[in-house]
Amino acid sequence: MTEIRWHGRGGQGAITASRIVATAAFKHGYTGAVMIPTFGTERRGAPIFSSLKIAREKIRDLSPIETPDVVVVLDHLLLDEVDVAKGLKAGGLIVLNTPKPVTACDFGGVRLAVADVSALSVEAGLPQGRVNSGIIGVLCRAFDIVPFASVLEEIEAEFSGKKPAANVEAARLAYEHTTVGVA
Amino acid sequence: MHIIETGNVAAALGVQLAGVQVVAAYPITPQTPLTEKLSELIEAGEMDARYVPVESEHSALAVCIGASSAGARAFTATSANGLLYMHEQVHWAAGARLPIVMCVANRAVGAPWNIWNDHQDSISQRDTGWIQIYSCDHQQIIDDTLKAFRVAETTSIPVMVCYDGYLLSHTYMPFAVPEQEMVARFLPPFHPSYALDPDAPANLNTVTLPEIRMDVHGEMAHGYMEIRYLLQEDLRNAVQVVEETDAAFQELFGRGGVPLVEPYRCDDAEYVVVAMGSLTYQLWDVIDALRTEGHKVGVLGVRLYRPFPDAAVAAALQGARGVFVMEKALSYGYEGALCSDLKSALYDHLPDKSRAPFVKGLVAGIGGREIKTVDLTDALRSGLAGSIPGPGWIGIRL
């Protein structure tokens, strides 16, 4: 089982993003994929997280992820508020939306994938702050679980009627501009 | 067809497939997305039903009572304080013997205000005369919803399908959606034995005297006590209807087989944990871990809570040395209601009471308190060693 924990802010689309990857994984043969959002009081802007567990067998434990393989962070300012790396497995990966390079980050020596998803999403034609498609691009570049083309199809389907092309473009741009290192 | 969706959508698709004709509901978290989905399906013409928006849950069930009395297949859904606000009509629907189906996305009740999951809402409706089914995952939610209509219409008793708020209602999980054509074979259109007819006016459920009496046709009619006795007798017999319905479903769809209780590794278990809802499946993983440590443990999920399948529960537990009942609800002032029911079943059914297992009630996940698998494992490990520290509320920090 692969455990991917998503950190974002209420209204930012972390739940939608994790659902898109869940659906893509499910369609790709991971018939045990589950996505468990953890709800607080649902204020916009408040830190929220969701748990995406991917396996080919049925997953029965729906408790929040404690020891993730991957942590996805939609907003680098969350790093001041939430210990996003908590419980990260040895050899784990952090996927971060930040304008800073890998060398400017410090997680004590873990694999880190970064891209300035906020800026790239605007470049792709999305409104300011819509980063959920872009961050998926960064994840797919650094972590191989579902082919990127399948994920793009899912993004297009999810946003049909809501700028599907710009969302696909945001994911593609972020994929291309991702850098991976150790921080 | 298999899809990945939320538990609320699984319930909504079950309702759509069941050919429900009247939906009346009032929004309350975490049930809201279920009734929103139904209103979308009806608006889009994908479901031939009337959606009646109402100003309260009391009215929602009142509309269903009216619709069902007129012979329509009726559905509502709610959670927590919404269900409590409905309570008077919940009793009425059962007393009036109307085959309404209601989904309850289980949520803690206020005060203090809390939107997260436990089972206090539906457990507090235990004595209303409804059939109560608890689903453990999305497949069971959609399948149970379909079975609920057939059980309700066979017994003329309303059915509540309960599933954990958020944990199931909002979690995305793969499940199979039955084909409409197959559902039609399983669940034919609703033909009530009696329906309101404007051309033949009648009074229903008016003041009914304590004693039996002559009715307007000159025949002896039941008093209130006889009517209520028949409800109790039909509820007790409904255990068999639930089993038969599940068997019919399994024949068509190849799924099911655990309509009353769902045992896991219980056959040779010395200790059995009993639970309801999604916690049951979480416990499967805990039991697997404890088995690798050499503990002979199993899980018994209670799927049908009312009528209580006392014989099946007792049969599943009779070989055990100890039973831990893990509940997300309490009969305040005593213990968990399931724990009391289970002890009662053991007392009635065990041939040798001196060999009865010990029964220890535990409380978990009240008001959405996260149930960590590691906490469950630790609690059971210490329970197996003979002592559970503290009051038996798993994860409490006083």
# chains A, B, ... in the order shown; residues from 1 in each chain; ligands from 1
>>> residues_around(residues="segment 49-61 of chain A", least_positions_apart="5", cutoff="10 Å", atoms="only C-alpha atoms", output="PyMOL selection string")
(chain A and resi 1-10+14-19+21-22+25-26+28-40+66+68-73+84+145) or (chain B and resi 136-137+171-174+278-286+372-373)
>>> residues_around(residues="segment 152-165 of chain B", least_positions_apart="5", cutoff="6 Å", atoms="only C-alpha atoms", output="PDB file with C-alpha atoms, in the first residue's frame")
ATOM      1  CA  PRO B  30     -22.770  14.916   6.791  1.00  0.00           C
ATOM      2  CA  ALA B  94     -43.259   2.353  12.393  1.00  0.00           C
ATOM      3  CA  ARG B  97     -46.433   0.210   9.295  1.00  0.00           C
ATOM      4  CA  LEU B  98     -45.140   2.278   6.373  1.00  0.00           C
ATOM      5  CA  PRO B  99     -42.243   0.818   4.340  1.00  0.00           C
ATOM      6  CA  ILE B 100     -40.175   4.019   4.255  1.00  0.00           C
ATOM      7  CA  VAL B 101     -36.399   3.792   3.907  1.00  0.00           C
ATOM      8  CA  MET B 102     -34.149   6.328   5.574  1.00  0.00           C
ATOM      9  CA  CYS B 103     -30.373   6.648   5.414  1.00  0.00           C
ATOM     10  CA  VAL B 104     -28.638   7.963   8.498  1.00  0.00           C
ATOM     11  CA  ALA B 105     -25.131   9.327   8.015  1.00  0.00           C
ATOM     12  CA  ASN B 106     -24.153   8.768  11.630  1.00  0.00           C
ATOM     13  CA  ARG B 107     -23.061  11.854  13.551  1.00  0.00           C
ATOM     14  CA  ASN B 117     -19.083  10.659  13.615  1.00  0.00           C
ATOM     15  CA  TRP B 130     -37.682   0.531  12.795  1.00  0.00           C
ATOM     16  CA  ILE B 131     -35.387  -2.066  11.315  1.00  0.00           C
ATOM     17  CA  GLN B 132     -31.787  -0.854  11.622  1.00  0.00           C
ATOM     18  CA  ILE B 133     -28.937  -1.995   9.359  1.00  0.00           C
ATOM     19  CA  TYR B 134     -25.325  -0.828   9.772  1.00  0.00           C
ATOM     20  CA  SER B 135     -23.131  -0.748   6.643  1.00  0.00           C
TER      21      SER B 135
END
>>> select_by_dssp(residues="segment 166-394 of chain B", states="strand (DSSP E or B)", output="ChimeraX atom specification")
/B:172-176,213-214,220-221,261-264,271-275,297-302,304-306,322-327,358-364,393-394
>>> closest_residue(among="B:Trp92, B:Phe253, B:Tyr51, B:Phe175", to="chain A", atoms="only C-alpha atoms")
B:Phe175
>>> atom_distance(atom1="atom CA of Lys27 of chain A", atom2="atom CA of Asp144 of chain A")
15.4 Å
>>> closest_residue(among="A:Gly11, A:Gly181, A:Gly125, A:Pro147", to="Ala166 of chain A", atoms="only C-alpha atoms")
A:Gly125
>>> closest_residue(among="A:Ala113, A:Ala90, A:Ile136, A:Leu96", to="Ala149 of chain A", atoms="only C-alpha atoms")
A:Ile136
>>> closest_residue(among="A:Leu79, A:Ile20, A:Val114, A:Leu62", to="chain B", atoms="only C-alpha atoms")
A:Leu62
>>> residues_around(residues="segment 289-291 of chain B", least_positions_apart="3", cutoff="12 Å", atoms="only C-alpha atoms", output="compact mmCIF listing (two decimals) with C-alpha atoms, in the first residue's frame")
# COMPACT_ATOMS: atom_id res chain seq x y z
CA TYR B 264 -13.96 -12.54 10.83
CA ARG B 265 -11.55 -15.19 12.16
CA CYS B 266 -14.09 -16.10 14.85
CA ASP B 268 -11.33 -20.73 16.74
CA ALA B 269 -11.21 -17.37 18.52
CA GLU B 270 -10.84 -17.31 22.29
CA TYR B 271 -11.62 -13.62 22.35
CA VAL B 272 -13.97 -11.76 20.04
CA VAL B 273 -14.34 -8.02 19.49
CA GLN B 282 -10.69 -1.40 10.78
CA LEU B 283 -10.67 -4.11 13.46
CA TRP B 284 -9.97 -6.79 10.84
CA ASP B 285 -6.49 -5.32 10.42
CA VAL B 286 -6.05 -5.16 14.22
CA GLY B 294 -0.25 -15.52 18.71
CA HIS B 295 -3.52 -14.20 20.15
CA LYS B 296 -6.56 -16.20 19.12
CA VAL B 297 -8.88 -13.29 18.38
CA GLY B 298 -11.69 -12.49 15.96
CA VAL B 299 -14.15 -9.74 15.06
CA THR B 373 -5.34 1.51 14.74
CA VAL B 374 -2.38 1.49 17.10
CA LEU B 376 -7.11 -0.23 19.16
CA THR B 377 -4.29 -2.75 19.08
CA ASP B 378 -2.84 -1.52 22.39
CA ALA B 379 -6.24 -1.51 24.10
CA LEU B 380 -7.05 -5.04 22.97
CA ARG B 381 -3.58 -6.30 23.80
CA SER B 382 -3.97 -5.05 27.38
CA GLY B 383 -7.54 -6.39 27.44
CA LEU B 384 -6.23 -9.83 26.50
>>> closest_residue(among="A:Leu112, A:Thr23, A:Gly45, A:Gly129", to="chain B", atoms="only C-alpha atoms")
A:Thr23
>>> residues_around(residues="Thr245 of chain B", least_positions_apart="2", cutoff="8 Å", atoms="only C-alpha atoms", output="list in words")
Lys147, Arg150, Val151, Val241, Val242, Glu243, Ala247, Ala248 and Phe249 of chain B
>>> residues_around(residues="Phe324 of chain B", least_positions_apart="4", cutoff="6 Å", atoms="only C-alpha atoms", output="PyMOL selection string")
chain B and resi 273+359-361
>>> write_last_selection(atoms="N, CA and C atoms", output="tab-separated table (two decimals), in the first residue's frame")
chain	number	residue	atom	x	y	z
B	273	VAL	N	-13.98	-9.43	19.39
B	273	VAL	CA	-14.34	-8.02	19.49
B	273	VAL	C	-15.61	-7.82	18.67
B	359	VAL	N	-17.89	-10.33	29.33
B	359	VAL	CA	-18.23	-9.30	28.34
B	359	VAL	C	-17.76	-7.95	28.87
B	360	LYS	N	-16.88	-7.32	28.12
B	360	LYS	CA	-16.34	-6.04	28.55
B	360	LYS	C	-16.75	-4.96	27.54
B	361	GLY	N	-17.45	-3.95	28.01
B	361	GLY	CA	-17.86	-2.85	27.13
B	361	GLY	C	-16.77	-1.80	27.00
>>> closest_residue(among="B:Gly277, B:Pro259, B:Gly223, B:Gly390", to="chain A", atoms="only C-alpha atoms")
B:Gly277
>>> atom_distance(atom1="atom CA of Ala77 of chain B", atom2="atom CA of Ala24 of chain B")
8.2 Å
>>> select_by_dssp(residues="segment 18-149 of chain A", states="helix (DSSP H, G or I)", output="CSV table (one decimal) with N, CA and C atoms, in the first residue's frame")
chain,number,residue,atom,x,y,z
A,18,SER,N,-6.5,15.2,-4.5
A,18,SER,CA,-6.3,13.8,-4.0
A,18,SER,C,-7.3,12.9,-4.6
A,19,ARG,N,-8.5,13.4,-4.9
A,19,ARG,CA,-9.6,12.6,-5.5
A,19,ARG,C,-9.3,12.3,-6.9
A,20,ILE,N,-8.7,13.3,-7.6
A,20,ILE,CA,-8.3,13.1,-9.0
A,20,ILE,C,-7.3,11.9,-9.1
A,21,VAL,N,-6.3,12.0,-8.2
A,21,VAL,CA,-5.3,10.9,-8.3
A,21,VAL,C,-5.9,9.6,-7.9
A,22,ALA,N,-6.8,9.6,-6.9
A,22,ALA,CA,-7.4,8.4,-6.5
A,22,ALA,C,-8.2,7.8,-7.6
A,23,THR,N,-8.9,8.6,-8.4
A,23,THR,CA,-9.7,8.1,-9.5
A,23,THR,C,-8.8,7.5,-10.6
A,24,ALA,N,-7.7,8.3,-10.9
A,24,ALA,CA,-6.8,7.8,-11.9
A,24,ALA,C,-6.1,6.5,-11.5
A,25,ALA,N,-5.8,6.4,-10.2
A,25,ALA,CA,-5.2,5.1,-9.7
A,25,ALA,C,-6.2,4.0,-9.8
A,26,PHE,N,-7.4,4.3,-9.4
A,26,PHE,CA,-8.5,3.3,-9.5
A,26,PHE,C,-8.7,2.7,-10.9
A,27,LYS,N,-8.7,3.7,-11.8
A,27,LYS,CA,-8.9,3.3,-13.2
A,27,LYS,C,-7.7,2.5,-13.8
A,76,HIS,N,3.3,26.5,0.6
A,76,HIS,CA,4.6,26.5,1.4
A,76,HIS,C,4.4,27.2,2.8
A,77,LEU,N,3.5,28.2,2.8
A,77,LEU,CA,3.3,28.9,4.1
A,77,LEU,C,2.7,28.0,5.2
A,78,LEU,N,2.2,26.8,4.8
A,78,LEU,CA,1.7,25.9,5.8
A,78,LEU,C,2.8,25.3,6.6
A,79,LEU,N,4.0,25.4,6.1
A,79,LEU,CA,5.2,24.8,6.8
A,79,LEU,C,5.4,25.4,8.1
A,80,ASP,N,4.9,26.7,8.3
A,80,ASP,CA,5.1,27.4,9.6
A,80,ASP,C,4.0,27.0,10.6
A,102,VAL,N,15.1,23.9,-4.1
A,102,VAL,CA,15.2,22.8,-3.2
A,102,VAL,C,16.3,23.2,-2.1
A,103,THR,N,17.4,23.8,-2.6
A,103,THR,CA,18.5,24.1,-1.7
A,103,THR,C,18.1,25.1,-0.6
A,104,ALA,N,17.0,25.8,-0.8
A,104,ALA,CA,16.5,26.8,0.3
A,104,ALA,C,15.6,26.2,1.3
A,117,VAL,N,4.2,26.3,-8.3
A,117,VAL,CA,2.9,25.9,-8.9
A,117,VAL,C,2.0,27.1,-8.9
A,118,SER,N,2.1,28.0,-7.9
A,118,SER,CA,1.2,29.2,-7.9
A,118,SER,C,1.4,30.0,-9.2
A,119,ALA,N,2.7,30.3,-9.5
A,119,ALA,CA,3.0,31.1,-10.6
A,119,ALA,C,2.7,30.4,-11.9
A,120,LEU,N,3.1,29.1,-12.0
A,120,LEU,CA,2.9,28.4,-13.2
A,120,LEU,C,1.4,28.2,-13.6
A,121,SER,N,0.6,28.1,-12.5
A,121,SER,CA,-0.9,27.9,-12.8
A,121,SER,C,-1.5,29.2,-13.4
A,122,VAL,N,-1.0,30.4,-12.9
A,122,VAL,CA,-1.5,31.6,-13.5
A,122,VAL,C,-1.0,31.7,-14.9
A,123,GLU,N,0.2,31.3,-15.1
A,123,GLU,CA,0.8,31.3,-16.5
A,123,GLU,C,-0.1,30.4,-17.4
A,132,ASN,N,-4.4,23.2,-7.5
A,132,ASN,CA,-4.6,21.7,-7.3
A,132,ASN,C,-4.3,20.9,-8.5
A,133,SER,N,-4.4,21.4,-9.7
A,133,SER,CA,-4.0,20.7,-10.9
A,133,SER,C,-2.5,20.7,-11.0
A,134,GLY,N,-1.9,21.8,-10.8
A,134,GLY,CA,-0.5,22.0,-10.9
A,134,GLY,C,0.3,21.0,-10.0
A,135,ILE,N,-0.2,21.0,-8.7
A,135,ILE,CA,0.6,20.2,-7.7
A,135,ILE,C,0.6,18.7,-8.1
A,136,ILE,N,-0.5,18.3,-8.8
A,136,ILE,CA,-0.5,16.9,-9.3
A,136,ILE,C,0.6,16.6,-10.3
A,137,GLY,N,0.9,17.6,-11.1
A,137,GLY,CA,2.0,17.5,-12.1
A,137,GLY,C,3.4,17.3,-11.4
A,138,VAL,N,3.6,18.0,-10.3
A,138,VAL,CA,4.8,17.9,-9.5
A,138,VAL,C,4.9,16.5,-8.9
A,139,LEU,N,3.8,16.0,-8.3
A,139,LEU,CA,3.7,14.7,-7.8
A,139,LEU,C,4.1,13.6,-8.8
A,140,CYS,N,3.4,13.7,-10.0
A,140,CYS,CA,3.6,12.7,-11.0
A,140,CYS,C,5.1,12.7,-11.5
A,141,ARG,N,5.7,13.9,-11.5
A,141,ARG,CA,7.1,13.9,-12.0
A,141,ARG,C,8.0,13.2,-11.0
A,142,ALA,N,7.7,13.3,-9.7
A,142,ALA,CA,8.7,12.8,-8.7
A,142,ALA,C,8.3,11.4,-8.2
A,148,PHE,N,1.4,9.7,-16.3
A,148,PHE,CA,1.0,11.1,-16.2
A,148,PHE,C,-0.1,11.3,-17.2
A,149,ALA,N,-0.1,10.7,-18.4
A,149,ALA,CA,-1.1,10.9,-19.4
A,149,ALA,C,-2.5,10.5,-18.8
